[in-house]
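With TSV, C-alpha atoms inside, this is upload.tsv:
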```tsv
chain	number	residue	atom	x	y	z
J	1	MET	CA	-20.20	-78.66	-127.70
J	2	TYR	CA	-17.24	-76.29	-127.52
J	3	VAL	CA	-16.41	-73.37	-129.74
J	4	ILE	CA	-12.85	-72.60	-130.73
J	5	GLY	CA	-12.25	-69.16	-132.10
J	6	ASN	CA	-10.01	-66.16	-131.71
J	7	ASN	CA	-12.91	-64.17	-130.28
J	8	CYS	CA	-13.67	-66.50	-127.42
J	9	GLU	CA	-11.21	-68.24	-125.13
J	10	THR	CA	-12.71	-71.65	-124.64
J	11	TYR	CA	-12.17	-74.96	-122.99
J	12	LEU	CA	-10.34	-76.80	-125.72
J	13	TRP	CA	-8.33	-73.87	-126.99
J	14	GLU	CA	-6.81	-73.17	-123.60
J	15	LYS	CA	-6.52	-76.84	-122.85
J	16	ARG	CA	-4.59	-77.45	-126.04
J	17	ILE	CA	-2.33	-74.42	-125.63
J	18	LEU	CA	-1.54	-75.28	-122.01
J	19	SER	CA	-0.77	-78.88	-122.85
J	20	ILE	CA	1.57	-77.80	-125.61
J	21	ASP	CA	3.15	-75.21	-123.30
J	22	CYS	CA	3.82	-77.90	-120.71
J	23	MET	CA	5.26	-80.34	-123.21
J	24	GLN	CA	7.46	-77.65	-124.76
J	25	ALA	CA	8.59	-76.32	-121.41
J	26	ILE	CA	9.64	-79.83	-120.37
J	27	GLN	CA	11.34	-80.53	-123.68
J	28	LEU	CA	13.32	-77.28	-123.64
J	29	ASN	CA	14.21	-76.89	-119.99
J	30	TYR	CA	14.11	-80.18	-118.10
J	31	LYS	CA	17.76	-81.15	-118.52
J	32	ASP	CA	19.18	-77.69	-117.81
J	33	LEU	CA	17.05	-77.39	-114.69
J	34	TYR	CA	18.16	-80.84	-113.58
J	35	ARG	CA	21.85	-79.92	-114.02
J	36	PHE	CA	21.32	-76.74	-112.02
J	37	ALA	CA	19.51	-78.60	-109.21
J	38	PHE	CA	22.08	-81.40	-109.18
J	39	ARG	CA	24.96	-78.93	-108.86
J	40	MET	CA	23.12	-77.16	-106.06
J	41	LEU	CA	22.21	-80.31	-104.12
J	42	GLY	CA	24.66	-83.02	-105.14
J	43	SER	CA	21.90	-85.62	-105.19
J	44	ASN	CA	20.29	-87.15	-108.25
J	45	GLU	CA	17.05	-88.12	-106.56
J	46	THR	CA	16.47	-84.76	-104.87
J	47	ALA	CA	17.36	-82.86	-108.06
J	48	VAL	CA	14.72	-84.84	-109.98
J	49	ASP	CA	12.15	-84.14	-107.23
J	50	MET	CA	12.84	-80.40	-107.33
J	51	VAL	CA	12.60	-80.18	-111.11
J	52	GLN	CA	9.40	-82.24	-111.23
J	53	GLU	CA	7.82	-80.09	-108.52
J	54	ALA	CA	8.66	-76.96	-110.56
J	55	PHE	CA	6.91	-78.35	-113.65
J	56	LEU	CA	3.88	-79.42	-111.62
J	57	ARG	CA	3.62	-75.87	-110.29
J	58	PHE	CA	3.93	-74.62	-113.86
J	59	SER	CA	1.06	-76.83	-114.97
J	60	ARG	CA	-1.12	-75.71	-112.06
J	61	LYS	CA	-0.39	-72.01	-112.31
J	62	PRO	CA	1.88	-70.94	-115.17
J	63	PRO	CA	3.54	-67.49	-115.27
J	64	ASP	CA	1.62	-64.54	-116.72
J	65	VAL	CA	3.65	-64.63	-119.94
J	66	PRO	CA	4.01	-68.34	-120.65
J	67	GLU	CA	6.48	-67.97	-123.53
J	68	GLY	CA	10.08	-68.95	-124.26
J	69	GLU	CA	12.65	-67.13	-122.15
J	70	ALA	CA	10.08	-65.95	-119.57
J	71	VAL	CA	9.09	-69.56	-118.89
J	72	ARG	CA	12.73	-70.59	-118.56
J	73	LYS	CA	13.44	-67.79	-116.07
J	74	TRP	CA	10.28	-68.60	-114.13
J	75	LEU	CA	11.20	-72.27	-113.89
J	76	PHE	CA	14.77	-71.49	-112.84
J	77	VAL	CA	13.51	-69.21	-110.07
J	78	VAL	CA	11.14	-71.92	-108.80
J	79	VAL	CA	13.84	-74.62	-108.84
J	80	ARG	CA	16.29	-72.23	-107.19
J	81	ASN	CA	13.81	-71.41	-104.41
J	82	LEU	CA	12.99	-75.08	-103.87
J	83	CYS	CA	16.69	-75.95	-103.65
J	84	ILE	CA	17.42	-73.15	-101.18
J	85	SER	CA	14.46	-74.13	-98.97
J	86	TRP	CA	15.51	-77.77	-99.08
J	87	LEU	CA	19.08	-76.89	-98.13
J	88	ARG	CA	17.86	-74.68	-95.28
J	89	LYS	CA	15.72	-77.48	-93.89
J	90	LYS	CA	18.44	-80.06	-94.23
J	91	THR	CA	20.61	-80.14	-91.14
J	92	LYS	CA	23.18	-82.75	-92.00
J	93	VAL	CA	25.98	-82.37	-94.51
J	94	VAL	CA	24.98	-82.95	-98.13
J	95	GLU	CA	25.99	-86.39	-99.28
J	96	VAL	CA	27.73	-86.41	-102.62
J	97	ALA	CA	26.05	-88.87	-104.97
J	98	ILE	CA	28.79	-89.07	-107.54
J	99	ASP	CA	27.96	-92.56	-108.75
J	100	ASP	CA	24.62	-91.35	-110.09
J	101	SER	CA	26.11	-88.82	-112.44
J	102	PHE	CA	29.35	-90.29	-113.75
J	103	ASP	CA	29.54	-93.40	-115.83
J	104	LEU	CA	32.88	-95.01	-115.06
J	105	ASN	CA	32.34	-97.70	-117.68
J	106	SER	CA	31.53	-95.51	-120.65
J	107	PRO	CA	33.01	-97.26	-123.72
J	108	ASP	CA	34.00	-93.97	-125.36
J	109	ARG	CA	36.53	-93.07	-122.69
J	110	ASN	CA	40.01	-94.35	-122.08
J	111	PRO	CA	39.95	-95.98	-118.59
J	112	ALA	CA	42.93	-94.00	-117.29
J	113	GLU	CA	41.58	-90.69	-118.59
J	114	SER	CA	38.18	-91.62	-117.30
J	115	LEU	CA	39.48	-92.17	-113.78
J	116	LEU	CA	41.34	-88.87	-113.86
J	117	ASP	CA	38.23	-87.06	-115.11
J	118	ASP	CA	36.11	-88.64	-112.42
J	119	GLU	CA	38.61	-87.75	-109.75
J	120	ARG	CA	38.66	-84.15	-110.98
J	121	ASN	CA	34.87	-84.00	-111.17
J	122	ARG	CA	34.69	-85.36	-107.64
J	123	MET	CA	37.03	-82.65	-106.37
J	124	ILE	CA	35.17	-79.85	-108.16
J	125	MET	CA	31.84	-81.13	-106.93
J	126	GLY	CA	33.13	-81.39	-103.37
J	127	ALA	CA	34.52	-77.86	-103.53
J	128	VAL	CA	31.32	-76.36	-104.97
J	129	LEU	CA	29.07	-78.22	-102.52
J	130	SER	CA	31.16	-77.03	-99.61
J	131	LEU	CA	30.26	-73.40	-100.38
J	132	PRO	CA	27.37	-71.85	-98.43
J	133	PRO	CA	24.15	-72.26	-100.54
J	134	LEU	CA	23.73	-68.53	-101.27
J	135	MET	CA	27.28	-68.36	-102.58
J	136	ARG	CA	26.98	-71.69	-104.40
J	137	GLU	CA	23.93	-70.66	-106.41
J	138	ILE	CA	25.71	-67.57	-107.71
J	139	VAL	CA	28.78	-69.55	-108.79
J	140	ILE	CA	26.58	-72.10	-110.59
J	141	LEU	CA	24.44	-69.47	-112.31
J	142	ARG	CA	27.54	-67.64	-113.50
J	143	GLU	CA	29.94	-70.46	-114.37
J	144	PHE	CA	27.51	-73.01	-115.79
J	145	GLU	CA	24.42	-71.06	-116.85
J	146	GLU	CA	26.56	-68.09	-117.95
J	147	LEU	CA	24.08	-65.51	-116.69
J	148	SER	CA	25.06	-61.85	-116.34
J	149	TYR	CA	25.27	-60.25	-112.90
J	150	LEU	CA	22.00	-58.46	-113.59
J	151	ASP	CA	20.18	-61.67	-114.49
J	152	ILE	CA	21.58	-63.43	-111.42
J	153	ALA	CA	20.47	-60.49	-109.27
J	154	GLU	CA	16.93	-60.72	-110.70
J	155	MET	CA	16.76	-64.46	-110.27
J	156	THR	CA	18.04	-64.54	-106.70
J	157	GLY	CA	16.40	-61.31	-105.56
J	158	ASN	CA	19.73	-59.73	-104.54
J	159	PRO	CA	21.28	-56.37	-105.47
J	160	VAL	CA	23.97	-56.58	-108.20
J	161	GLY	CA	26.60	-55.49	-105.65
J	162	THR	CA	25.81	-58.51	-103.46
J	163	VAL	CA	26.07	-60.82	-106.45
J	164	LYS	CA	29.42	-59.32	-107.35
J	165	SER	CA	30.92	-59.63	-103.87
J	166	ARG	CA	29.54	-63.13	-103.20
J	167	LEU	CA	30.88	-64.37	-106.51
J	168	ALA	CA	34.32	-62.88	-105.86
J	169	LYS	CA	34.49	-64.47	-102.39
J	170	ALA	CA	33.28	-67.81	-103.74
J	171	ARG	CA	35.93	-67.75	-106.46
J	172	ASP	CA	38.63	-67.05	-103.92
J	173	ILE	CA	37.47	-69.96	-101.74
J	174	LEU	CA	37.32	-72.27	-104.74
J	175	ARG	CA	40.77	-71.16	-105.90
J	176	ARG	CA	42.22	-72.21	-102.54
J	177	ARG	CA	40.29	-75.49	-102.37
J	178	LEU	CA	41.11	-76.52	-105.90
J	179	GLN	CA	44.71	-75.35	-105.86
J	180	SER	CA	46.23	-78.84	-105.70
J	181	CYS	CA	43.96	-80.06	-108.46
J	182	ILE	CA	44.80	-77.08	-110.70
J	183	THR	CA	48.53	-77.62	-110.11
J	184	GLU	CA	48.17	-81.27	-111.20
J	185	VAL	CA	46.29	-80.29	-114.34
J	186	ARG	CA	48.91	-77.70	-115.28
U	1	MET	CA	39.76	-42.56	-116.60
U	2	SER	CA	37.35	-43.29	-113.73
U	3	TRP	CA	39.10	-46.42	-112.44
U	4	ASN	CA	40.69	-46.22	-109.01
U	5	ILE	CA	43.13	-48.83	-107.78
U	6	PRO	CA	41.28	-51.09	-105.29
U	7	LYS	CA	42.40	-50.57	-101.71
U	8	THR	CA	41.30	-53.65	-99.81
U	9	GLU	CA	41.70	-57.34	-100.62
U	10	ASP	CA	37.90	-57.68	-101.00
U	11	GLU	CA	37.86	-54.84	-103.54
U	12	TRP	CA	40.65	-56.52	-105.49
U	13	MET	CA	38.80	-59.85	-105.52
U	14	GLU	CA	35.63	-58.16	-106.79
U	15	CYS	CA	37.51	-56.21	-109.42
U	16	LEU	CA	39.39	-59.23	-110.82
U	17	SER	CA	36.30	-61.41	-110.67
U	18	ALA	CA	34.26	-58.80	-112.58
U	19	TYR	CA	37.08	-58.57	-115.16
U	20	ILE	CA	36.90	-62.33	-115.80
U	21	ASP	CA	33.14	-62.07	-116.32
U	22	ASP	CA	33.49	-59.08	-118.63
U	23	GLU	CA	31.38	-57.02	-116.25
U	24	LEU	CA	33.75	-54.02	-116.03
U	25	ALA	CA	33.12	-50.86	-118.03
U	26	SER	CA	35.44	-50.72	-121.04
U	27	ASP	CA	37.47	-47.80	-119.63
U	28	ASP	CA	37.94	-49.60	-116.31
U	29	LYS	CA	38.91	-52.75	-118.13
U	30	LEU	CA	41.64	-50.98	-120.08
U	31	ALA	CA	42.91	-49.22	-116.96
U	32	LEU	CA	43.07	-52.49	-115.04
U	33	GLU	CA	44.92	-54.23	-117.88
U	34	GLU	CA	47.44	-51.40	-117.93
U	35	TYR	CA	47.90	-51.61	-114.17
U	36	LEU	CA	48.35	-55.38	-114.19
U	37	GLN	CA	51.37	-55.02	-116.46
U	38	THR	CA	53.08	-53.37	-113.51
U	39	ASP	CA	51.87	-55.70	-110.71
U	40	GLY	CA	52.96	-59.32	-111.14
U	41	GLU	CA	51.29	-60.48	-107.93
U	42	ARG	CA	47.82	-59.27	-108.95
U	43	MET	CA	48.37	-60.61	-112.44
U	44	GLU	CA	49.08	-64.06	-110.94
U	45	GLN	CA	45.93	-63.74	-108.78
U	46	LEU	CA	43.89	-63.00	-111.92
U	47	ARG	CA	45.36	-66.01	-113.72
U	48	ALA	CA	44.56	-68.22	-110.72
U	49	TYR	CA	40.91	-67.09	-110.87
U	50	GLN	CA	40.84	-67.73	-114.60
U	51	ARG	CA	42.25	-71.25	-114.10
U	52	THR	CA	39.68	-71.93	-111.35
U	53	SER	CA	36.89	-70.74	-113.62
U	54	SER	CA	38.10	-72.90	-116.53
U	55	MET	CA	38.40	-75.88	-114.26
U	56	LEU	CA	34.90	-75.46	-112.84
U	57	GLN	CA	33.50	-75.53	-116.35
U	58	THR	CA	34.92	-79.02	-116.90
U	59	TRP	CA	32.40	-80.38	-114.36
U	60	THR	CA	29.90	-82.17	-116.54
U	61	VAL	CA	26.58	-83.55	-115.36
U	62	ASP	CA	24.63	-86.10	-117.40
U	63	ALA	CA	20.95	-85.21	-117.18
U	64	PRO	CA	18.32	-87.97	-117.49
U	65	ASP	CA	15.29	-87.69	-119.77
U	66	PRO	CA	12.00	-86.88	-118.06
U	67	HIS	CA	10.04	-90.05	-117.30
U	68	PRO	CA	6.91	-90.49	-119.52
U	69	ASP	CA	4.69	-90.93	-116.45
U	70	PHE	CA	5.88	-87.58	-115.17
U	71	ILE	CA	5.07	-85.88	-118.50
U	72	ASN	CA	1.58	-87.37	-118.38
U	73	GLN	CA	1.13	-86.18	-114.82
U	74	VAL	CA	2.05	-82.61	-115.80
U	75	VAL	CA	-0.25	-82.59	-118.82
U	76	ARG	CA	-3.16	-84.03	-116.81
U	77	GLN	CA	-2.54	-81.44	-114.11
U	78	SER	CA	-2.94	-78.66	-116.69
U	79	ASP	CA	-6.29	-80.23	-117.72
U	80	LYS	CA	-7.51	-80.03	-114.13
U	81	ARG	CA	-6.57	-76.36	-114.06
U	82	ILE	CA	-8.67	-75.64	-117.14
U	83	SER	CA	-11.70	-77.35	-115.60
U	84	SER	CA	-11.36	-75.07	-112.60
U	85	LEU	CA	-10.98	-71.94	-114.75
U	86	TRP	CA	-14.74	-71.75	-115.27
U	87	GLY	CA	-15.15	-71.68	-111.52
U	88	PHE	CA	-12.90	-68.66	-111.50
U	89	ILE	CA	-14.51	-66.75	-114.39
U	90	ILE	CA	-18.15	-67.02	-113.28
U	91	PRO	CA	-17.73	-65.33	-109.83
U	92	GLN	CA	-16.10	-62.33	-111.57
U	93	LEU	CA	-19.36	-61.45	-113.33
U	94	ASN	CA	-22.27	-59.55	-111.77
U	95	TRP	CA	-25.79	-61.01	-111.99
U	96	GLY	CA	-26.77	-58.90	-115.03
U	97	GLN	CA	-23.73	-59.99	-116.99
U	98	PHE	CA	-24.13	-63.53	-115.79
U	99	SER	CA	-27.81	-63.75	-116.87
U	100	MET	CA	-27.11	-62.13	-120.22
U	101	GLY	CA	-24.18	-64.47	-120.77
U	102	ALA	CA	-26.22	-67.50	-119.77
U	103	VAL	CA	-29.12	-66.60	-122.11
U	104	THR	CA	-26.72	-65.88	-124.99
U	105	GLY	CA	-24.87	-69.11	-124.25
U	106	VAL	CA	-28.03	-71.22	-124.29
U	107	CYS	CA	-29.21	-69.62	-127.54
U	108	ALA	CA	-25.82	-70.11	-129.13
U	109	LEU	CA	-25.73	-73.72	-127.98
U	110	LEU	CA	-29.18	-74.40	-129.44
U	111	LEU	CA	-28.22	-72.77	-132.73
U	112	VAL	CA	-24.95	-74.66	-132.90
U	113	GLN	CA	-26.62	-77.97	-132.10
U	114	TYR	CA	-29.32	-77.26	-134.68
U	115	PHE	CA	-26.89	-76.48	-137.47
U	116	THR	CA	-24.06	-78.86	-136.56
U	117	PRO	CA	-24.02	-82.55	-137.47
U	118	SER	CA	-23.43	-84.48	-134.27
U	119	ARG	CA	-20.10	-86.18	-134.98
U	120	GLN	CA	-18.36	-83.80	-137.34
U	121	ALA	CA	-16.30	-80.73	-136.56
U	122	VAL	CA	-17.61	-77.67	-138.35
U	123	ILE	CA	-15.43	-74.80	-139.45
U	124	ASP	CA	-17.25	-71.52	-139.67
U	125	TYR	CA	-15.54	-68.76	-141.63
U	126	ASP	CA	-16.30	-65.07	-141.30
U	127	PRO	CA	-16.20	-63.57	-144.85
U	128	VAL	CA	-15.97	-59.98	-143.54
U	129	SER	CA	-12.62	-60.72	-141.95
U	130	ALA	CA	-11.26	-62.47	-145.05
U	131	LYS	CA	-9.25	-59.47	-146.18
U	132	SER	CA	-7.77	-58.74	-142.77
U	133	GLU	CA	-4.45	-60.11	-141.57
U	134	LYS	CA	-6.12	-62.33	-139.02
U	135	PRO	CA	-9.28	-63.85	-140.49
U	136	VAL	CA	-11.74	-65.29	-137.98
U	137	TYR	CA	-12.52	-69.01	-137.90
U	138	ASN	CA	-14.80	-70.72	-135.43
U	139	ILE	CA	-14.45	-74.49	-135.11
U	140	TYR	CA	-17.25	-76.40	-133.42
U	141	ILE	CA	-16.38	-79.79	-131.96
U	142	SER	CA	-17.73	-82.11	-129.31
U	143	GLN	CA	-16.17	-82.80	-125.92
U	144	ASN	CA	-15.14	-86.26	-127.08
U	145	GLN	CA	-13.40	-84.75	-130.05
U	146	ALA	CA	-11.68	-82.27	-127.75
U	147	ASP	CA	-10.46	-85.07	-125.50
U	148	SER	CA	-9.21	-87.22	-128.35
U	149	LEU	CA	-7.41	-84.21	-129.84
U	150	LEU	CA	-5.63	-83.72	-126.54
U	151	ASP	CA	-4.70	-87.41	-126.44
U	152	GLU	CA	-3.27	-87.11	-129.96
U	153	ILE	CA	-1.14	-84.15	-128.95
U	154	THR	CA	0.24	-85.90	-125.87
U	155	ALA	CA	0.86	-89.13	-127.79
U	156	ALA	CA	2.67	-87.24	-130.55
U	157	GLY	CA	4.95	-85.67	-127.91
U	158	LEU	CA	5.71	-89.10	-126.45
U	159	LYS	CA	6.41	-90.47	-129.92
U	160	THR	CA	9.00	-87.72	-130.51
U	161	GLN	CA	10.54	-88.48	-127.14
U	162	MET	CA	10.72	-92.19	-127.95
U	163	LYS	CA	12.50	-91.45	-131.23
U	164	THR	CA	15.06	-89.26	-129.44
U	165	GLN	CA	15.65	-91.95	-126.83
U	166	ILE	CA	16.24	-94.60	-129.51
U	167	ARG	CA	18.61	-92.26	-131.32
U	168	ASN	CA	20.54	-91.80	-128.05
U	169	SER	CA	20.57	-95.58	-127.40
U	170	GLN	CA	18.46	-95.14	-124.25
U	171	TRP	CA	16.68	-98.43	-124.82
U	172	GLU	CA	15.14	-98.81	-121.37
U	173	ASP	CA	13.71	-95.28	-121.45
U	174	ALA	CA	12.38	-95.75	-124.98
U	175	ALA	CA	10.71	-99.00	-123.92
U	176	ASP	CA	9.11	-97.22	-120.94
U	177	THR	CA	7.83	-94.47	-123.22
U	178	TYR	CA	6.36	-97.05	-125.58
U	179	ALA	CA	4.73	-98.90	-122.66
U	180	SER	CA	3.18	-95.65	-121.53
U	181	LEU	CA	1.85	-94.94	-125.02
U	182	LEU	CA	0.45	-98.43	-125.28
U	183	ALA	CA	-1.25	-98.23	-121.89
U	184	LYS	CA	-2.84	-94.81	-122.18
U	185	TYR	CA	-2.98	-93.83	-125.84
U	186	SER	CA	-3.67	-97.12	-127.59
U	187	LYS	CA	-6.24	-95.58	-129.95
U	188	THR	CA	-4.14	-92.67	-131.16
U	189	LYS	CA	-2.77	-92.10	-134.61
U	190	ALA	CA	0.70	-91.53	-133.13
U	191	LEU	CA	0.81	-95.11	-131.81
U	192	GLN	CA	-0.43	-96.42	-135.13
U	193	GLU	CA	2.35	-94.50	-136.90
U	194	ILE	CA	4.96	-95.97	-134.55
U	195	GLU	CA	3.82	-99.46	-135.41
U	196	GLU	CA	3.99	-98.64	-139.10
U	197	THR	CA	7.49	-97.07	-138.99
U	198	PRO	CA	10.09	-99.81	-139.72
U	199	VAL	CA	12.78	-98.53	-137.32
U	200	LEU	CA	10.36	-98.10	-134.43
U	201	SER	CA	8.46	-101.32	-135.01
U	202	GLY	CA	11.84	-103.11	-135.32
U	203	PHE	CA	12.83	-101.75	-131.94
U	204	ILE	CA	9.54	-102.90	-130.42
U	205	LYS	CA	9.93	-106.42	-131.83
U	206	LYS	CA	13.56	-106.81	-130.82
U	207	TYR	CA	13.67	-105.01	-127.52
U	208	VAL	CA	10.26	-104.42	-125.98
U	209	ASN	CA	8.79	-107.84	-126.74
U	210	ASN	CA	11.94	-109.64	-125.54
U	211	ARG	CA	11.95	-107.54	-122.40
U	212	SER	CA	8.40	-108.48	-121.53
U	213	ILE	CA	9.36	-112.17	-121.85
```
Is it possible to express this structure as structure tokens?
Amino acid sequence: MYVIGNNCETYLWEKRILSIDCMQAIQLNYKDLYRFAFRMLGSNETAVDMVQEAFLRFSRKPPDVPEGEAVRKWLFVVVRNLCISWLRKKTKVVEVAIDDSFDLNSPDRNPAESLLDDERNRMIMGAVLSLPPLMREIVILREFEELSYLDIAEMTGNPVGTVKSRLAKARDILRRRLQSCITEVR
Amino acid sequence: MSWNIPKTEDEWMECLSAYIDDELASDDKLALEEYLQTDGERMEQLRAYQRTSSMLQTWTVDAPDPHPDFINQVVRQSDKRISSLWGFIIPQLNWGQFSMGAVTGVCALLLVQYFTPSRQAVIDYDPVSAKSEKPVYNIYISQNQADSLLDEITAAGLKTQMKTQIRNSQWEDAADTYASLLAKYSKTKALQEIEETPVLSGFIKKYVNNRSI
């Protein structure tokens, strides 16, 4: 027999809350975390592995304040750390798994436009993946997650000055690498 | 104004990049804008960064839905953690506290069992707290009831996911979610509701049953 009450934390109460926390955390954050991991790694399969591992860690030992934005930040930090470790261990060049993420046969898109979009996506992806991982993560967190320099600094454990200079250098590299593509678009 | 014209190329890159991200102080921002009116080369550099940034943002990534088996695995994992929580709490107590807690626990258990019908949840209401903002309720239920409540919660989550997948025309994923519900939560109210909802039962008849053939 178990007792549920606001005076005593008990088996079912915590069990229920944690289960709901897990479900909600997955519902709210899974896709954003996947996009972040995919942009970091360029591989569908590895991105899924990283995101799933982060949620399993969450279910085993959630953060001290398992609520809303704190959970999101916590999960992003875990996925980020997993991606960086994976990239450090990996010795060969990251293979770009474009076919996993772009549907060339989507009925809503004009075939010519679709090919152009895919070509552009391929170029952007190649350019971003060619950046060193510590530079890449900052570009992704700024351009796609739209985090402030301070938030990026907290998440990556770097001083704001480092974030600022890495982002500026990364932008300059990307500007050069994507120059031909930008000229075409203009 | 505090803004000084950057001296090195690195300083310029940082300054223009921070301007794009709206990370410059407002005075510095105004001073830079004023300066750029007089320096066409730096202005073109800024525009090139802005074009690069806009272009990057066109990179879209389609994210898949989480697989139902994965959701189950995460929820089950959290159950395991709760079981081990008791193993964590007990070593924190000294023997006096532990004995007192154990005696109180046994007495409470006997009282609860004496007053509680075996298969029904009992809600106990504290009248003293009635006027406060957070009145106290104690709900007594069995372990089986606790487990079935958890199953209901998980099944309800999967039902919502299945609906979303059908709405997004992700037929294969929706069928997988349904298969998972059927395999693990066959006795839940959520599954019963799915079978009674015309749209969902229609999907099962047309898609899932044909697929299994």
Looking at U:Glu11, U:Asn4, U:Thr188, U:Tyr35, which one is nearest to Asp147 (chain U), with distances taken over all atoms listed in the file? U:Thr188
Skipping near chain neighbours, those fewer than 3 positions away, what residues fall within 12 Å of Met50 (chain J) using all atoms listed in the file, listed as number ranges by chain? J: 30, 33-38, 40-41, 43-47, 53-57, 75-87
Please identify all polymer residues within 7 Å of Asn121 (chain J), counting all atoms listed in the file, omitting same-chain residues fewer than 4 positions from it, and present them as a list in words.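 Listed by chain and then number, they are Asp117 and Met125 of chain J; Trp59 of chain U.
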Create the file for the chosen residues now, containing C-alpha atoms and written as an mmCIF file, in the frame of the given file.
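After the write, again.cif holds the following:
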```
data_model
loop_
_atom_site.group_PDB
_atom_site.id
_atom_site.type_symbol
_atom_site.label_atom_id
_atom_site.label_comp_id
_atom_site.auth_asym_id
_atom_site.auth_seq_id
_atom_site.Cartn_x
_atom_site.Cartn_y
_atom_site.Cartn_z
ATOM 1 C CA ASP J 117 38.230 -87.060 -115.110
ATOM 2 C CA MET J 125 31.840 -81.130 -106.930
ATOM 3 C CA TRP U 59 32.400 -80.380 -114.360
#
```
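Here CA of Gln179 (chain J) and CA of Ser148 (chain J) stand 26.0 Å from one another.
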Restricting the calculation to only C-alpha atoms: of J:Arg136, J:Arg122, J:Lys73, J:Lys89, which residue gets closest to chain U?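 Using only C-alpha atoms, chain U sits closest to J:Arg122.
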Here is a test: counting all atoms listed in the file, which residue of J:Ile173, J:Ala25, J:Leu131, J:Met123 is nearest to Val51 (chain J)? J:Ala25
Counting only C-alpha atoms, which residue out of U:His67, U:Lys184, U:Leu149, U:Asp62 sits closest to Gln161 (chain U)?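 That would be U:His67, the residue with the smallest distance to Gln161 (chain U).
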